file model12.pdb (PDB, C-alpha atoms)
ATOM      1  CA  MET A  82      92.761 100.415 110.643
ATOM      2  CA  ASN A  83      95.259  98.607 112.853
ATOM      3  CA  ASN A  84      96.471  96.411 110.003
ATOM      4  CA  PRO A  85      95.399  98.237 106.857
ATOM      5  CA  PRO A  86      95.455  96.881 103.329
ATOM      6  CA  ALA A  87      98.600  97.599 101.348
ATOM      7  CA  ILE A  88      98.782  99.353  97.998
ATOM      8  CA  VAL A  89     100.541  97.372  95.275
ATOM      9  CA  VAL A  90     101.652  99.836  92.595
ATOM     10  CA  LEU A  91     102.066  97.971  89.310
ATOM     11  CA  ALA A  92     104.856  99.590  87.301
ATOM     12  CA  ALA A  93     106.502  96.771  85.369
ATOM     13  CA  GLY A  94     104.583  96.709  82.097
ATOM     14  CA  PRO A  95     106.425  97.420  78.838
ATOM     15  CA  GLY A  96     103.996 100.191  77.837
ATOM     16  CA  ARG A  97     104.178  99.193  74.160
ATOM     17  CA  ARG A  98     100.993 101.054  73.192
ATOM     18  CA  PHE A  99     102.553 104.371  74.165
ATOM     19  CA  ALA A 100     104.362 105.955  71.197
ATOM     20  CA  GLY A 101     106.296 108.651  73.067
ATOM     21  CA  ASP A 102     110.047 109.101  73.235
ATOM     22  CA  LEU A 103     110.185 107.726  76.798
ATOM     23  CA  HIS A 104     108.382 104.958  78.646
ATOM     24  CA  LYS A 105     104.972 106.301  79.613
ATOM     25  CA  LEU A 106     105.809 106.102  83.328
ATOM     26  CA  ALA A 107     108.901 108.256  82.756
ATOM     27  CA  GLN A 108     106.933 111.001  81.002
ATOM     28  CA  HIS A 109     106.894 114.363  82.759
ATOM     29  CA  LEU A 110     103.932 115.750  84.688
ATOM     30  CA  HIS A 111     104.668 119.285  85.842
ATOM     31  CA  GLY A 112     108.250 118.528  86.831
ATOM     32  CA  HIS A 113     107.806 114.961  88.025
ATOM     33  CA  SER A 114     107.378 111.657  86.220
ATOM     34  CA  VAL A 115     104.098 109.781  85.931
ATOM     35  CA  LEU A 116     105.469 107.055  88.211
ATOM     36  CA  GLU A 117     106.637 109.527  90.862
ATOM     37  CA  THR A 118     103.269 111.248  90.880
ATOM     38  CA  THR A 119     101.325 108.001  91.278
ATOM     39  CA  LEU A 120     103.626 106.873  94.080
ATOM     40  CA  ALA A 121     103.299 110.229  95.830
ATOM     41  CA  GLN A 122      99.519 109.882  95.793
ATOM     42  CA  ALA A 123      99.843 106.432  97.332
ATOM     43  CA  VAL A 124     102.221 107.719 100.012
ATOM     44  CA  ARG A 125      99.725 110.443 100.945
ATOM     45  CA  SER A 126      97.032 107.835 101.553
ATOM     46  CA  GLY A 127      98.921 106.732 104.662
ATOM     47  CA  LEU A 128      98.542 103.081 103.640
ATOM     48  CA  PRO A 129     101.556 100.762 103.408
ATOM     49  CA  LEU A 130     102.731 100.247  99.860
ATOM     50  CA  VAL A 131     105.020  98.339  97.579
ATOM     51  CA  VAL A 132     105.901  99.097  93.972
ATOM     52  CA  VAL A 133     106.702  96.343  91.491
ATOM     53  CA  THR A 134     108.856  97.753  88.722
ATOM     54  CA  THR A 135     111.809  97.196  86.406
ATOM     55  CA  SER A 136     115.467  98.111  86.757
ATOM     56  CA  ALA A 137     114.955 100.884  84.188
ATOM     57  CA  LEU A 138     112.199 102.567  86.226
ATOM     58  CA  ALA A 139     113.438 101.815  89.751
ATOM     59  CA  PRO A 140     115.569 105.024  89.872
ATOM     60  CA  LEU A 141     112.332 107.021  89.518
ATOM     61  CA  ALA A 142     110.575 105.042  92.235
ATOM     62  CA  VAL A 143     113.397 105.507  94.732
ATOM     63  CA  ARG A 144     112.915 109.270  94.542
ATOM     64  CA  VAL A 145     109.623 108.799  96.397
ATOM     65  CA  VAL A 146     109.760 105.513  98.327
ATOM     66  CA  ALA A 147     112.436 103.581 100.176
ATOM     67  CA  LEU A 148     114.300 100.727  98.525
ATOM     68  CA  ARG A 149     112.636  98.302 100.922
ATOM     69  CA  ASP A 150     109.305  99.227  99.292
ATOM     70  CA  ILE A 151     110.492  98.386  95.774
ATOM     71  CA  VAL A 152     110.295  94.931  94.203
ATOM     72  CA  GLU A 153     112.477  94.931  91.105
ATOM     73  CA  ILE A 154     111.610  92.226  88.609
ATOM     74  CA  ASP A 155     113.958  90.596  86.148
ATOM     75  CA  ALA A 156     113.984  91.560  82.485
ATOM     76  CA  ALA A 157     111.937  88.537  81.403
ATOM     77  CA  ALA A 158     109.175  89.009  83.986
ATOM     78  CA  PRO A 159     106.994  91.502  82.033
ATOM     79  CA  ALA A 160     106.440  88.790  79.418
ATOM     80  CA  ARG A 161     104.663  86.740  82.092
ATOM     81  CA  GLY A 162     101.890  89.302  82.298
ATOM     82  CA  ILE A 163     100.551  91.579  84.977
ATOM     83  CA  GLY A 164      99.501  88.592  87.065
ATOM     84  CA  HIS A 165     103.138  87.889  87.851
ATOM     85  CA  SER A 166     103.635  91.452  89.105
ATOM     86  CA  ILE A 167     100.523  91.189  91.266
ATOM     87  CA  ALA A 168     101.745  87.950  92.802
ATOM     88  CA  LEU A 169     105.132  89.466  93.622
ATOM     89  CA  GLY A 170     103.626  92.585  95.159
ATOM     90  CA  VAL A 171     101.076  90.742  97.260
ATOM     91  CA  GLY A 172     103.732  88.280  98.394
ATOM     92  CA  ALA A 173     105.951  91.168  99.472
ATOM     93  CA  ARG A 174     103.172  92.409 101.781
ATOM     94  CA  ALA A 175     101.864  89.024 102.860
ATOM     95  CA  ASN A 176     100.905  90.229 106.344
ATOM     96  CA  ALA A 177      98.580  92.983 105.123
ATOM     97  CA  SER A 178      94.835  92.640 105.678
ATOM     98  CA  GLY A 179      94.243  93.143 101.956
ATOM     99  CA  TRP A 180      95.743  94.655  98.821
ATOM    100  CA  LEU A 181      94.823  97.509  96.496
ATOM    101  CA  LEU A 182      96.089  97.003  92.957
ATOM    102  CA  MET A 183      97.091 100.428  91.657
ATOM    103  CA  PRO A 184      98.231 100.821  88.036
ATOM    104  CA  ALA A 185     101.197 103.186  87.949
ATOM    105  CA  ASP A 186      99.860 104.968  84.861
ATOM    106  CA  MET A 187      96.902 106.480  86.777
ATOM    107  CA  PRO A 188      98.483 109.421  88.630
ATOM    108  CA  LEU A 189      95.221 111.319  89.179
ATOM    109  CA  VAL A 190      93.716 108.802  91.629
ATOM    110  CA  GLN A 191      93.394 110.626  94.933
ATOM    111  CA  PRO A 192      94.657 109.365  98.321
ATOM    112  CA  THR A 193      91.130 109.601  99.737
ATOM    113  CA  THR A 194      89.926 107.251  97.010
ATOM    114  CA  MET A 195      92.566 104.674  97.916
ATOM    115  CA  ARG A 196      91.524 104.845 101.554
ATOM    116  CA  ALA A 197      87.845 104.489 100.670
ATOM    117  CA  VAL A 198      88.502 101.283  98.728
ATOM    118  CA  ALA A 199      90.738  99.991 101.526
ATOM    119  CA  GLU A 200      87.992 100.576 104.093
ATOM    120  CA  ALA A 201      85.457  98.713 101.945
ATOM    121  CA  LEU A 202      87.584  95.569 102.205
ATOM    122  CA  ALA A 203      86.515  95.217 105.838
ATOM    123  CA  LEU A 204      83.119  94.117 104.511
ATOM    124  CA  HIS A 205      83.780  92.857 100.992
ATOM    125  CA  ALA A 206      86.205  90.354  99.453
ATOM    126  CA  VAL A 207      86.614  92.539  96.355
ATOM    127  CA  ALA A 208      86.011  96.292  96.047
ATOM    128  CA  PHE A 209      86.765  98.834  93.367
ATOM    129  CA  ALA A 210      86.568 102.582  92.901
ATOM    130  CA  GLN A 211      83.856 103.911  90.642
ATOM    131  CA  HIS A 212      82.958 107.414  89.457
ATOM    132  CA  ARG A 213      79.401 108.217  88.409
ATOM    133  CA  GLY A 214      78.709 104.509  88.218
ATOM    134  CA  LEU A 215      81.663 103.736  85.947
ATOM    135  CA  PRO A 216      84.149 101.174  87.307
ATOM    136  CA  GLY A 217      87.737 102.320  87.715
ATOM    137  CA  GLN A 218      90.911 101.807  89.704
ATOM    138  CA  PRO A 219      92.158 100.753  92.175
ATOM    139  CA  VAL A 220      90.679  97.314  92.707
ATOM    140  CA  GLY A 221      91.047  95.928  96.216
ATOM    141  CA  PHE A 222      91.152  92.365  97.519
ATOM    142  CA  ALA A 223      90.629  91.290 101.125
ATOM    143  CA  GLY A 224      93.116  89.082 102.959
ATOM    144  CA  GLU A 225      91.103  85.937 102.270
ATOM    145  CA  MET A 226      92.135  86.250  98.616
ATOM    146  CA  TYR A 227      95.845  85.859  99.345
ATOM    147  CA  SER A 228      96.281  82.270  98.156
ATOM    148  CA  GLU A 229      94.730  83.073  94.783
ATOM    149  CA  LEU A 230      96.571  86.343  94.261
ATOM    150  CA  VAL A 231     100.048  84.933  94.894
ATOM    151  CA  GLN A 232      99.452  82.266  92.250
ATOM    152  CA  LEU A 233      98.621  84.694  89.454
ATOM    153  CA  SER A 234     100.849  84.615  86.404
ATOM    154  CA  GLY A 235      98.963  85.549  83.243
ATOM    155  CA  GLU A 236      97.681  88.750  81.701
ATOM    156  CA  HIS A 237      94.006  88.210  82.572
ATOM    157  CA  ASP A 238      94.057  86.044  85.705
ATOM    158  CA  ALA A 239      93.116  88.924  88.019
ATOM    159  CA  HIS A 240      90.013  89.660  85.920
ATOM    160  CA  ARG A 241      88.934  86.051  86.309
ATOM    161  CA  ILE A 242      89.162  86.358  90.100
ATOM    162  CA  VAL A 243      87.004  89.487  90.056
ATOM    163  CA  ALA A 244      84.467  87.705  87.863
ATOM    164  CA  ARG A 245      84.142  84.846  90.366
ATOM    165  CA  TYR A 246      83.426  86.966  93.446
ATOM    166  CA  PRO A 247      80.817  89.634  94.209
ATOM    167  CA  ALA A 248      82.615  92.964  93.880
ATOM    168  CA  GLN A 249      81.532  96.143  95.657
ATOM    169  CA  GLY A 250      81.775  99.436  93.805
ATOM    170  CA  VAL A 251      82.849 102.372  95.970
ATOM    171  CA  GLU A 252      81.442 105.585  94.540
ATOM    172  CA  VAL A 253      83.987 108.434  94.726
ATOM    173  CA  ASP A 254      84.066 112.025  93.536
ATOM    174  CA  ASP A 255      87.306 111.387  91.696
ATOM    175  CA  ALA A 256      87.342 111.258  87.894
ATOM    176  CA  GLY A 257      90.985 110.178  88.107
ATOM    177  CA  VAL A 258      89.873 106.589  88.729
ATOM    178  CA  LEU A 259      88.957 106.467  85.037
ATOM    179  CA  MET A 260      92.009 108.250  83.591
ATOM    180  CA  GLY A 261      94.889 105.993  82.606
ATOM    181  CA  ILE A 262      97.733 106.722  80.212
ATOM    182  CA  ASP A 263      98.070 104.413  77.228
ATOM    183  CA  ASN A 264      98.820 106.973  74.522
ATOM    184  CA  VAL A 265     100.072 110.506  73.975
ATOM    185  CA  ALA A 266      96.558 111.962  73.837
ATOM    186  CA  GLN A 267      95.715 110.515  77.242
ATOM    187  CA  LEU A 268      98.963 111.885  78.639
ATOM    188  CA  GLY A 269      97.898 115.321  77.410
ATOM    189  CA  ALA A 270      94.510 114.933  79.099
ATOM    190  CA  VAL A 271      96.149 113.992  82.397
ATOM    191  CA  ARG A 272      98.522 116.956  82.160
ATOM    192  CA  ALA A 273      95.584 119.286  81.549
ATOM    193  CA  ALA A 274      93.645 117.828  84.466
ATOM    194  CA  LEU A 275      96.649 118.242  86.770
ATOM    195  CA  ALA A 276      97.027 121.867  85.750
ATOM    196  CA  GLN A 277      93.348 122.533  86.339
ATOM    197  CA  ARG A 278      93.321 120.762  89.678
ATOM    198  CA  SER A 279      96.522 122.492  90.874
ATOM    199  CA  LEU A 280      97.631 119.214  92.404
ATOM    200  CA  LEU A 281     100.228 119.424  95.168
ATOM    201  CA  VAL A 282     103.760 118.429  94.184
ATOM    202  CA  PRO A 283     104.741 114.811  94.860
ATOM    203  CA  ALA A 284     106.186 113.783  98.205
ATOM    204  CA  GLN A 285     109.877 114.320  98.767
ATOM    205  CA  PRO A 286     112.269 111.348  98.605
ATOM    206  CA  VAL A 287     112.416 109.255 101.735
ATOM    207  CA  SER A 288     115.295 110.448 103.878
ATOM    208  CA  GLY A 289     117.852 107.756 104.476
ATOM    209  CA  ALA A 290     116.196 105.249 102.131
ATOM    210  CA  ASP A 291     118.205 102.088 102.203
TER     211      ASP A 291
END
call {"tool": "encode", "arguments": {"input": "model12.pdb", "output": "structure tokens"}}
result
Amino acid sequence: MNNPPAIVVLAAGPGRRFAGDLHKLAQHLHGHSVLETTLAQAVRSGLPLVVVTTSALAPLAVRVVALRDIVEIDAAAPARGIGHSIALGVGARANASGWLLMPADMPLVQPTTMRAVAEALALHAVAFAQHRGLPGQPVGFAGEMYSELVQLSGEHDAHRIVARYPAQGVEVDDAGVLMGIDNVAQLGAVRAALAQRSLLVPAQPVSGAD
């Protein structure tokens, strides 16, 4: 892909449903945080990426990606819903041929899965990963969707876009597309899956990140 789709990692939500002592994205997964692990998976895909996050979580993101790949939102922005984060991320990679929306609390999604969804956008306006017929993440949008994506602002606007367009499921052998972290029990399940899978350690910080 000469001009591949970009991954937009969404890491600005308040995570209120998680009852742990830290934000769910700051929780540890075998020596690294949830956010670092998700970002490392995205880096390994070889696709361009941007992470939309808060000032509190940005220090974790910069351990894996360069500052130029981080969009830091203001303190009031999470109240505007995930649509606002999507709009900021897509706008930051306006020249990409499409965008994969990757929730930061899904660290088990494999790089090959991200690439498979990205490749599907050459033929479909909307594509999503699925495992054994069950829809999961990431969801991808082709470049023709730009004007709608950059106008998102609410909590459910992205779902309305998906509902209006035929969406192509991309079947992958990756149960991680279904495994998010909203509570302590799910965090435990992800930790167990990582241990069983013997996942490689996250990518090292970008040298000379500015």
call {"tool": "residues_around", "arguments": {"input": "model12.pdb", "residues": "A:Ala87", "least_positions_apart": "5", "cutoff": "8 Å", "atoms": "only C-alpha atoms", "output": "MDAnalysis selection string"}}
result
chainID A and resid 128:131 174 177:181
call {"tool": "closest_residue", "arguments": {"input": "model12.pdb", "among": "A:Val152, A:Val253, A:Ile167, A:Val146", "to": "A:Arg196", "atoms": "only C-alpha atoms"}}
result
A:Val253
call {"tool": "atom_distance", "arguments": {"input": "model12.pdb", "atom1": "atom CA of A:Gln211", "atom2": "atom CA of A:Glu252"}}
result
4.9 Å
call {"tool": "atom_distance", "arguments": {"input": "model12.pdb", "atom1": "atom CA of A:Thr194", "atom2": "atom CA of A:His165"}}
result
25.2 Å
call {"tool": "closest_residue", "arguments": {"input": "model12.pdb", "among": "A:Asp255, A:Asp150, A:Asp186, A:Glu225", "to": "A:Glu117", "atoms": "all atoms listed in the file"}}
result
A:Asp186
call {"tool": "resolve_selection", "arguments": {"input": "model12.pdb", "expression": "the PyMOL selection byres ((chain A and resi 110) around 10)", "output": "PyMOL selection string"}}
result
chain A and resi 106-109+111-118+188+268-269+271-273+275-276+282
call {"tool": "closest_residue", "arguments": {"input": "model12.pdb", "among": "A:Asn264, A:Asn176, A:Ser126, A:Thr135", "to": "A:Ala197", "atoms": "all atoms listed in the file"}}
result
A:Ser126
